[in-house]
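Below is one structure, written out as structure tokens; comments come after it.
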Amino acid sequence: MKEYHGKSVYKGIAMGPALVLHSKDQQVKRTRIEDAETELARLEQAKQASKEQLQRLYEKAMKEVGETSAAIFEVHQMMLEDEDYLESIENIVRTEMINAEYAVALTGDNFSQMFASMEDDYMRARAADIKDISERLVRNLLGYADMDFSQIPPSVIVADDLTPSETVQMDKKKMLAFVTVHGSSNSHTSILARMMNIPALIGVPVSIDEIENGTEVIVDGAEGKAIFDPDEDIREKAKEQIREAEEKQRLLQDMKGKENVTLDGRKVNLYANIGSVSDVGYALENDAGGIGLFRSEFLYLGRNDFPSEEEQFQAYKQVVQTMGEKKVIIRTLDIGADKQADYFNLGKEDNPALGYRAIRICLTQTEIFKTQLRALLRAAVYGNLSIMYPMIIAPEEVKQIYGIVSEVEEELKCKDIPYRLPEQGIMIETPAAVMVSDELAELVDFFSIGTNDLTQYTLAIDRQNEKLDAFYNPHHRAILRMIEMVVNNAHKAGKWAGICGELGADPELTETFLKMSVDELSVAPSMILNLREKIRETRVTN
Ligand code: PEP
Ligand code: MG
């Protein structure tokens, strides 16, 4: 038995087998081999395993997103049989007598560079695919777990760190808890854990190379500890705690169908934050009054190319139709900073959080933005959809957005495609937006305060930097004053204002927010019933 301590980002307790995930950016070691034939047999086995994984991904994508998006996994299977590619690997192994992993990584680099320098757009785009299949082959040669969890039981995910594009590919039904060596409590992995109501520990000093897949782990979010290979008495105690937690959850179900109203009659909307179409289930299960933040960028992550207008339209339509008359606020693409997708070719930046991200990409690469806007305006016909723009710093940006939206409307009108221009709001997540919120309120239909970024930019604390967790005070008066100012400015202009950052779910601030007359709190689905209970016990007038 081995016990480790870490920082808890979500409470709760879970027990299950470990699934160790190794980082995609692993350095492949070059080692000398004795026998080329044995090495090539290993390569053949890894190739077969890769093809089987790709076939499963193909079938899953066919079911979930359709033929067009699934086709890439067929292409990858074919690429794995490419004679030139395989010949290059084999030659390196035989002539240099080195390990297959290294030969694959070297060939992958050479071929992807060759494709990247081609004239033809289609061929150039294949560079990312070569990289992808080579990484898959290397992972299989090293015996690392695949992101496709279809063959494994529900597990505790143990990793060095997890990127949003990695978590988006995981099957949520198979995740019992997260344990990571690095990561910060404001990262999207932590947000995901809260959304799914599973315990998560970060900063756990385990050596992941020493942990075997399948080792039993207890993750105790309340105590901030992870116990690997626990003794029998500890296991029994954990089982009892899991039963108690389930009972508490069952009691909370009483809150379903009840109003979000204080003892003295102040009402507030309680909405859910989601990151994918399938998360709508969590929102409904927890009786959310609507979706206050659909992080649409997750549709763009964990893939090799942009999602098409049709694919996005289907996703948005499905969410609004499932939610019926309830409001669904879809935030336009907020890529950049920690949410990276290779095919955007954003390049390396010294200060990514202060860099080329979100609306800045949309306002400069307008074709990407227009594709999303077309999908949104078309989906708005099917339900109560609102659009929200992230990372705004000035009224001029909103005017520029409206210009692009008008062009999109014109295009749809000309082609006789049914659409509806829905309510449009912005996120207030920069101090600049707070300071000009009086002017912004005149232009938009609503505000939603993104306290995660607002705190990062106000306190000058990179939300990804785990070394700064101790300095990160989300209750800082500067933030609370800003929230009050934004709500007042919205109300003066007759608009509504909500909070969709993690702070909205903090029960210690519920009374404060209600006293400020915040109109909506959009939180992780798992927090809704807890907050409703809290609101119903609160009094806002003295
Ligand atoms: C925020 O910044 O508070 C927010 C809700 O957006 P995200 O966490 O996706 O950056
Ligand atoms: Mg944000």
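Each chain of the structure tokens is named A, B, ... in the order shown, its residues numbered from 1; ligands are numbered from 1 in display order.
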- Those of region 195-429 of chain A in DSSP alpha helix (DSSP H), formatted as a PyMOL selection string: chain A and resi 195-196+232-252+280-285+309-323+359-364+366-379+395-414
Residues of chain A at most 6 Å from ligand 2: nearest atom pair and distance in Å, only C-alpha atoms and all ligand atoms, as a tab-separated table:
```
residue	atom	partner	partner_atom_place_in_ligand_line	distance
A:Gly450	CA	ligand 2	1 (Mg)	5.4
A:Asn452	CA	ligand 2	1 (Mg)	5.9
A:Asp453	CA	ligand 2	1 (Mg)	4.7
```
- Contacts of Leu354 (chain A) within 10 Å, only C-alpha atoms, excl. fewer than 3 positions in-chain, as a list in words: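 In the requested format, the answer is Gly336, Ala337, Glu349, Asp350, Asn351, Arg357, Tyr457 and Asp462 of chain A.
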Output for the residues just chosen: C-alpha atoms as a PDB file, in the first residue's frame:
```pdb
ATOM      1  CA  GLY A 336      -5.839  29.172 -27.928  1.00  0.00           C
ATOM      2  CA  ALA A 337      -3.974  29.368 -24.604  1.00  0.00           C
ATOM      3  CA  GLU A 349       3.729  32.132 -28.048  1.00  0.00           C
ATOM      4  CA  ASP A 350       5.646  33.532 -25.109  1.00  0.00           C
ATOM      5  CA  ASN A 351       2.438  34.419 -23.273  1.00  0.00           C
ATOM      6  CA  ARG A 357      -7.004  33.284 -28.701  1.00  0.00           C
ATOM      7  CA  TYR A 457      -6.153  38.734 -15.781  1.00  0.00           C
ATOM      8  CA  ASP A 462      -1.663  32.361 -15.069  1.00  0.00           C
TER       9      ASP A 462
END
```
- Protein and nucleic acid residues within 9 Å of ligand 1 (only C-alpha atoms and all ligand atoms) as number ranges by chain: A: 186-188, 191, 273, 293, 295, 297, 334, 390-391, 427-430, 448-456, 499-503, 522
File of the preceding selection, N, CA and C atoms, as a PDB file, in the first residue's frame:
```pdb
ATOM      1  N   ASN A 186      -7.399  25.438 -11.749  1.00  0.00           N
ATOM      2  CA  ASN A 186      -8.294  26.177 -12.645  1.00  0.00           C
ATOM      3  C   ASN A 186      -8.225  25.665 -14.074  1.00  0.00           C
ATOM      4  N   SER A 187      -7.523  24.553 -14.262  1.00  0.00           N
ATOM      5  CA  SER A 187      -7.376  24.028 -15.611  1.00  0.00           C
ATOM      6  C   SER A 187      -8.687  23.388 -16.053  1.00  0.00           C
ATOM      7  N   HIS A 188      -8.777  23.091 -17.332  1.00  0.00           N
ATOM      8  CA  HIS A 188     -10.019  22.504 -17.842  1.00  0.00           C
ATOM      9  C   HIS A 188     -10.210  21.056 -17.390  1.00  0.00           C
ATOM     10  N   ILE A 191     -12.087  21.474 -14.302  1.00  0.00           N
ATOM     11  CA  ILE A 191     -13.460  21.855 -14.645  1.00  0.00           C
ATOM     12  C   ILE A 191     -14.242  20.612 -15.078  1.00  0.00           C
ATOM     13  N   ASN A 273     -23.080  24.413 -17.155  1.00  0.00           N
ATOM     14  CA  ASN A 273     -21.981  24.566 -18.114  1.00  0.00           C
ATOM     15  C   ASN A 273     -21.724  23.199 -18.744  1.00  0.00           C
ATOM     16  N   LEU A 293     -23.546  27.991 -20.494  1.00  0.00           N
ATOM     17  CA  LEU A 293     -22.270  28.044 -21.222  1.00  0.00           C
ATOM     18  C   LEU A 293     -22.025  26.699 -21.889  1.00  0.00           C
ATOM     19  N   ARG A 295     -19.261  25.289 -24.059  1.00  0.00           N
ATOM     20  CA  ARG A 295     -17.909  25.624 -24.547  1.00  0.00           C
ATOM     21  C   ARG A 295     -17.715  24.966 -25.916  1.00  0.00           C
ATOM     22  N   GLU A 297     -15.702  25.214 -28.231  1.00  0.00           N
ATOM     23  CA  GLU A 297     -14.371  24.874 -28.752  1.00  0.00           C
ATOM     24  C   GLU A 297     -14.037  23.392 -28.575  1.00  0.00           C
ATOM     25  N   ASP A 334     -13.475  29.371 -28.394  1.00  0.00           N
ATOM     26  CA  ASP A 334     -12.512  29.992 -27.473  1.00  0.00           C
ATOM     27  C   ASP A 334     -11.243  29.141 -27.479  1.00  0.00           C
ATOM     28  N   PRO A 390     -16.587  35.297 -26.540  1.00  0.00           N
ATOM     29  CA  PRO A 390     -15.600  35.315 -25.436  1.00  0.00           C
ATOM     30  C   PRO A 390     -14.492  36.348 -25.594  1.00  0.00           C
ATOM     31  N   MET A 391     -13.843  36.683 -24.490  1.00  0.00           N
ATOM     32  CA  MET A 391     -12.602  37.477 -24.471  1.00  0.00           C
ATOM     33  C   MET A 391     -12.724  38.873 -25.076  1.00  0.00           C
ATOM     34  N   MET A 427     -19.067  37.529 -22.989  1.00  0.00           N
ATOM     35  CA  MET A 427     -18.469  37.161 -21.721  1.00  0.00           C
ATOM     36  C   MET A 427     -17.707  38.364 -21.212  1.00  0.00           C
ATOM     37  N   ILE A 428     -17.798  38.573 -19.920  1.00  0.00           N
ATOM     38  CA  ILE A 428     -16.985  39.622 -19.308  1.00  0.00           C
ATOM     39  C   ILE A 428     -15.892  38.871 -18.566  1.00  0.00           C
ATOM     40  N   GLU A 429     -14.715  38.827 -19.163  1.00  0.00           N
ATOM     41  CA  GLU A 429     -13.625  38.064 -18.547  1.00  0.00           C
ATOM     42  C   GLU A 429     -12.291  38.779 -18.655  1.00  0.00           C
ATOM     43  N   THR A 430     -12.350  40.068 -19.032  1.00  0.00           N
ATOM     44  CA  THR A 430     -11.123  40.877 -19.010  1.00  0.00           C
ATOM     45  C   THR A 430     -11.426  42.131 -18.177  1.00  0.00           C
ATOM     46  N   SER A 448     -22.207  37.543 -19.395  1.00  0.00           N
ATOM     47  CA  SER A 448     -21.958  36.384 -18.553  1.00  0.00           C
ATOM     48  C   SER A 448     -20.510  36.529 -18.076  1.00  0.00           C
ATOM     49  N   ILE A 449     -20.342  36.580 -16.774  1.00  0.00           N
ATOM     50  CA  ILE A 449     -19.013  36.895 -16.235  1.00  0.00           C
ATOM     51  C   ILE A 449     -18.172  35.621 -16.118  1.00  0.00           C
ATOM     52  N   GLY A 450     -17.060  35.605 -16.823  1.00  0.00           N
ATOM     53  CA  GLY A 450     -16.149  34.446 -16.805  1.00  0.00           C
ATOM     54  C   GLY A 450     -15.098  34.687 -15.736  1.00  0.00           C
ATOM     55  N   THR A 451     -15.397  34.247 -14.536  1.00  0.00           N
ATOM     56  CA  THR A 451     -14.498  34.572 -13.416  1.00  0.00           C
ATOM     57  C   THR A 451     -13.155  33.845 -13.489  1.00  0.00           C
ATOM     58  N   ASN A 452     -13.092  32.745 -14.265  1.00  0.00           N
ATOM     59  CA  ASN A 452     -11.805  32.028 -14.340  1.00  0.00           C
ATOM     60  C   ASN A 452     -10.767  32.920 -15.003  1.00  0.00           C
ATOM     61  N   ASP A 453     -11.119  33.461 -16.155  1.00  0.00           N
ATOM     62  CA  ASP A 453     -10.174  34.341 -16.842  1.00  0.00           C
ATOM     63  C   ASP A 453     -10.127  35.715 -16.190  1.00  0.00           C
ATOM     64  N   LEU A 454     -11.265  36.195 -15.713  1.00  0.00           N
ATOM     65  CA  LEU A 454     -11.261  37.525 -15.088  1.00  0.00           C
ATOM     66  C   LEU A 454     -10.299  37.531 -13.884  1.00  0.00           C
ATOM     67  N   THR A 455     -10.290  36.442 -13.136  1.00  0.00           N
ATOM     68  CA  THR A 455      -9.384  36.355 -11.989  1.00  0.00           C
ATOM     69  C   THR A 455      -7.937  36.280 -12.483  1.00  0.00           C
ATOM     70  N   GLN A 456      -7.726  35.467 -13.509  1.00  0.00           N
ATOM     71  CA  GLN A 456      -6.365  35.339 -14.069  1.00  0.00           C
ATOM     72  C   GLN A 456      -5.825  36.706 -14.511  1.00  0.00           C
ATOM     73  N   ILE A 499     -23.132  34.693 -14.053  1.00  0.00           N
ATOM     74  CA  ILE A 499     -21.734  34.281 -13.837  1.00  0.00           C
ATOM     75  C   ILE A 499     -21.613  32.855 -14.367  1.00  0.00           C
ATOM     76  N   CYS A 500     -20.633  32.625 -15.249  1.00  0.00           N
ATOM     77  CA  CYS A 500     -20.458  31.248 -15.730  1.00  0.00           C
ATOM     78  C   CYS A 500     -19.079  30.698 -15.391  1.00  0.00           C
ATOM     79  N   GLY A 501     -18.250  31.472 -14.700  1.00  0.00           N
ATOM     80  CA  GLY A 501     -16.952  30.953 -14.243  1.00  0.00           C
ATOM     81  C   GLY A 501     -17.172  30.073 -13.017  1.00  0.00           C
ATOM     82  N   GLU A 502     -16.123  29.390 -12.608  1.00  0.00           N
ATOM     83  CA  GLU A 502     -16.234  28.442 -11.485  1.00  0.00           C
ATOM     84  C   GLU A 502     -16.692  29.085 -10.181  1.00  0.00           C
ATOM     85  N   LEU A 503     -16.433  30.386 -10.054  1.00  0.00           N
ATOM     86  CA  LEU A 503     -16.798  31.076  -8.810  1.00  0.00           C
ATOM     87  C   LEU A 503     -18.312  31.051  -8.562  1.00  0.00           C
ATOM     88  N   SER A 522     -24.341  29.971 -13.779  1.00  0.00           N
ATOM     89  CA  SER A 522     -24.198  28.797 -14.623  1.00  0.00           C
ATOM     90  C   SER A 522     -23.008  28.005 -14.109  1.00  0.00           C
TER      91      SER A 522
END
```
- Query: Quick one: of A:Val320, A:Ala441, A:Leu270, A:Met78, who's nearest to Gly504 (chain A), counting only C-alpha atoms?
  - Reply: A:Leu270
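Closest to Ile387 (chain A) among A:Phe149, A:Tyr419, A:Phe446, A:Tyr356 is A:Phe446, based on only C-alpha atoms.
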- Task: Write out as number ranges by chain each polymer residue whose atoms come within 9 Å of Gln464 (chain A), counting only C-alpha atoms; drop sequence neighbours fewer than 3 positions from it.
- Result: A: 183-187, 338, 461, 467-468
Would you write out those residues with N, CA, C and O atoms, as an mmCIF file, in the first residue's frame?
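Writing the result to out-v5.cif gives the following:
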```
data_model
loop_
_atom_site.group_PDB
_atom_site.id
_atom_site.type_symbol
_atom_site.label_atom_id
_atom_site.label_comp_id
_atom_site.auth_asym_id
_atom_site.auth_seq_id
_atom_site.Cartn_x
_atom_site.Cartn_y
_atom_site.Cartn_z
ATOM 1 N N GLY A 183 -0.641 20.078 -13.162
ATOM 2 C CA GLY A 183 -1.972 20.647 -13.425
ATOM 3 C C GLY A 183 -2.323 21.666 -12.375
ATOM 4 O O GLY A 183 -1.780 21.646 -11.269
ATOM 5 N N SER A 184 -3.219 22.603 -12.735
ATOM 6 C CA SER A 184 -3.629 23.606 -11.756
ATOM 7 C C SER A 184 -5.130 23.481 -11.501
ATOM 8 O O SER A 184 -5.853 22.907 -12.316
ATOM 9 N N SER A 185 -5.561 24.020 -10.369
ATOM 10 C CA SER A 185 -6.960 23.804 -9.997
ATOM 11 C C SER A 185 -7.930 24.568 -10.899
ATOM 12 O O SER A 185 -9.125 24.376 -10.821
ATOM 13 N N ASN A 186 -7.399 25.438 -11.749
ATOM 14 C CA ASN A 186 -8.294 26.177 -12.645
ATOM 15 C C ASN A 186 -8.225 25.665 -14.074
ATOM 16 O O ASN A 186 -8.765 26.266 -14.976
ATOM 17 N N SER A 187 -7.523 24.553 -14.262
ATOM 18 C CA SER A 187 -7.376 24.028 -15.611
ATOM 19 C C SER A 187 -8.687 23.388 -16.053
ATOM 20 O O SER A 187 -9.583 23.135 -15.247
ATOM 21 N N ASP A 338 -4.532 27.315 -23.327
ATOM 22 C CA ASP A 338 -4.338 25.887 -23.031
ATOM 23 C C ASP A 338 -5.121 24.984 -23.978
ATOM 24 O O ASP A 338 -4.880 23.784 -24.031
ATOM 25 N N ILE A 461 -2.339 36.209 -12.570
ATOM 26 C CA ILE A 461 -1.952 34.842 -12.206
ATOM 27 C C ILE A 461 -2.381 33.897 -13.322
ATOM 28 O O ILE A 461 -3.577 33.722 -13.569
ATOM 29 N N LYS A 467 2.344 26.576 -9.760
ATOM 30 C CA LYS A 467 3.147 27.180 -8.682
ATOM 31 C C LYS A 467 2.409 28.347 -8.046
ATOM 32 O O LYS A 467 2.763 28.805 -6.966
ATOM 33 N N LEU A 468 1.404 28.860 -8.758
ATOM 34 C CA LEU A 468 0.742 30.064 -8.259
ATOM 35 C C LEU A 468 -0.583 29.792 -7.549
ATOM 36 O O LEU A 468 -1.263 30.723 -7.127
#
```
- Message: According to DSSP computed on the backbone, where in region 339-490 of chain A is there strand (DSSP E or B)? Give the residues as a PyMOL selection string.
- Response: chain A and resi 339+385-389+423-428+446-449
Next, write the just-selected residues to a file, as a PDB file, in the first residue's frame, keeping C-alpha atoms as the atom set.
```
ATOM      1  CA  LYS A 339      -6.881  24.704 -25.617  1.00  0.00           C
ATOM      2  CA  LEU A 385     -30.483  29.402 -28.567  1.00  0.00           C
ATOM      3  CA  SER A 386     -28.368  32.426 -27.584  1.00  0.00           C
ATOM      4  CA  ILE A 387     -24.871  33.242 -28.822  1.00  0.00           C
ATOM      5  CA  MET A 388     -22.103  34.475 -26.562  1.00  0.00           C
ATOM      6  CA  TYR A 389     -18.720  35.907 -27.594  1.00  0.00           C
ATOM      7  CA  GLU A 423     -30.069  36.933 -28.550  1.00  0.00           C
ATOM      8  CA  GLN A 424     -26.357  37.868 -28.515  1.00  0.00           C
ATOM      9  CA  GLY A 425     -24.309  38.430 -25.391  1.00  0.00           C
ATOM     10  CA  ILE A 426     -20.693  38.611 -24.364  1.00  0.00           C
ATOM     11  CA  MET A 427     -18.469  37.161 -21.721  1.00  0.00           C
ATOM     12  CA  ILE A 428     -16.985  39.622 -19.308  1.00  0.00           C
ATOM     13  CA  PHE A 446     -26.640  40.056 -21.820  1.00  0.00           C
ATOM     14  CA  PHE A 447     -23.387  39.604 -19.921  1.00  0.00           C
ATOM     15  CA  SER A 448     -21.958  36.384 -18.553  1.00  0.00           C
ATOM     16  CA  ILE A 449     -19.013  36.895 -16.235  1.00  0.00           C
TER      17      ILE A 449
END
```
- Residue contacts of Leu162 (chain A) (8 Å, only C-alpha atoms) excluding same-chain residues fewer than 5 positions away, as a ChimeraX atom specification: /A:23,167,180,183,189
So that I have them on file, write out the residues from the current selection with N, CA and C atoms, as a CSV table (one decimal), in the first residue's frame.
```csv
chain,number,residue,atom,x,y,z
A,23,SER,N,2.0,10.8,-21.6
A,23,SER,CA,1.9,12.0,-22.4
A,23,SER,C,2.2,11.7,-23.8
A,167,THR,N,-8.6,15.1,-22.8
A,167,THR,CA,-9.7,14.7,-22.0
A,167,THR,C,-11.0,14.6,-22.9
A,180,THR,N,-3.4,13.5,-11.1
A,180,THR,CA,-2.3,14.0,-12.0
A,180,THR,C,-1.2,14.5,-11.2
A,183,GLY,N,-0.6,20.1,-13.2
A,183,GLY,CA,-2.0,20.6,-13.4
A,183,GLY,C,-2.3,21.7,-12.4
A,189,THR,N,-9.1,20.4,-17.0
A,189,THR,CA,-9.3,19.0,-16.5
A,189,THR,C,-10.0,19.1,-15.1
```
- For Tyr144 (chain A), which of A:Val206, A:His22, A:Asp160, A:His476 is the closest residue, counting only C-alpha atoms?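 Looking only at the distances to Tyr144 (chain A), the closest residue turns out to be A:His22.
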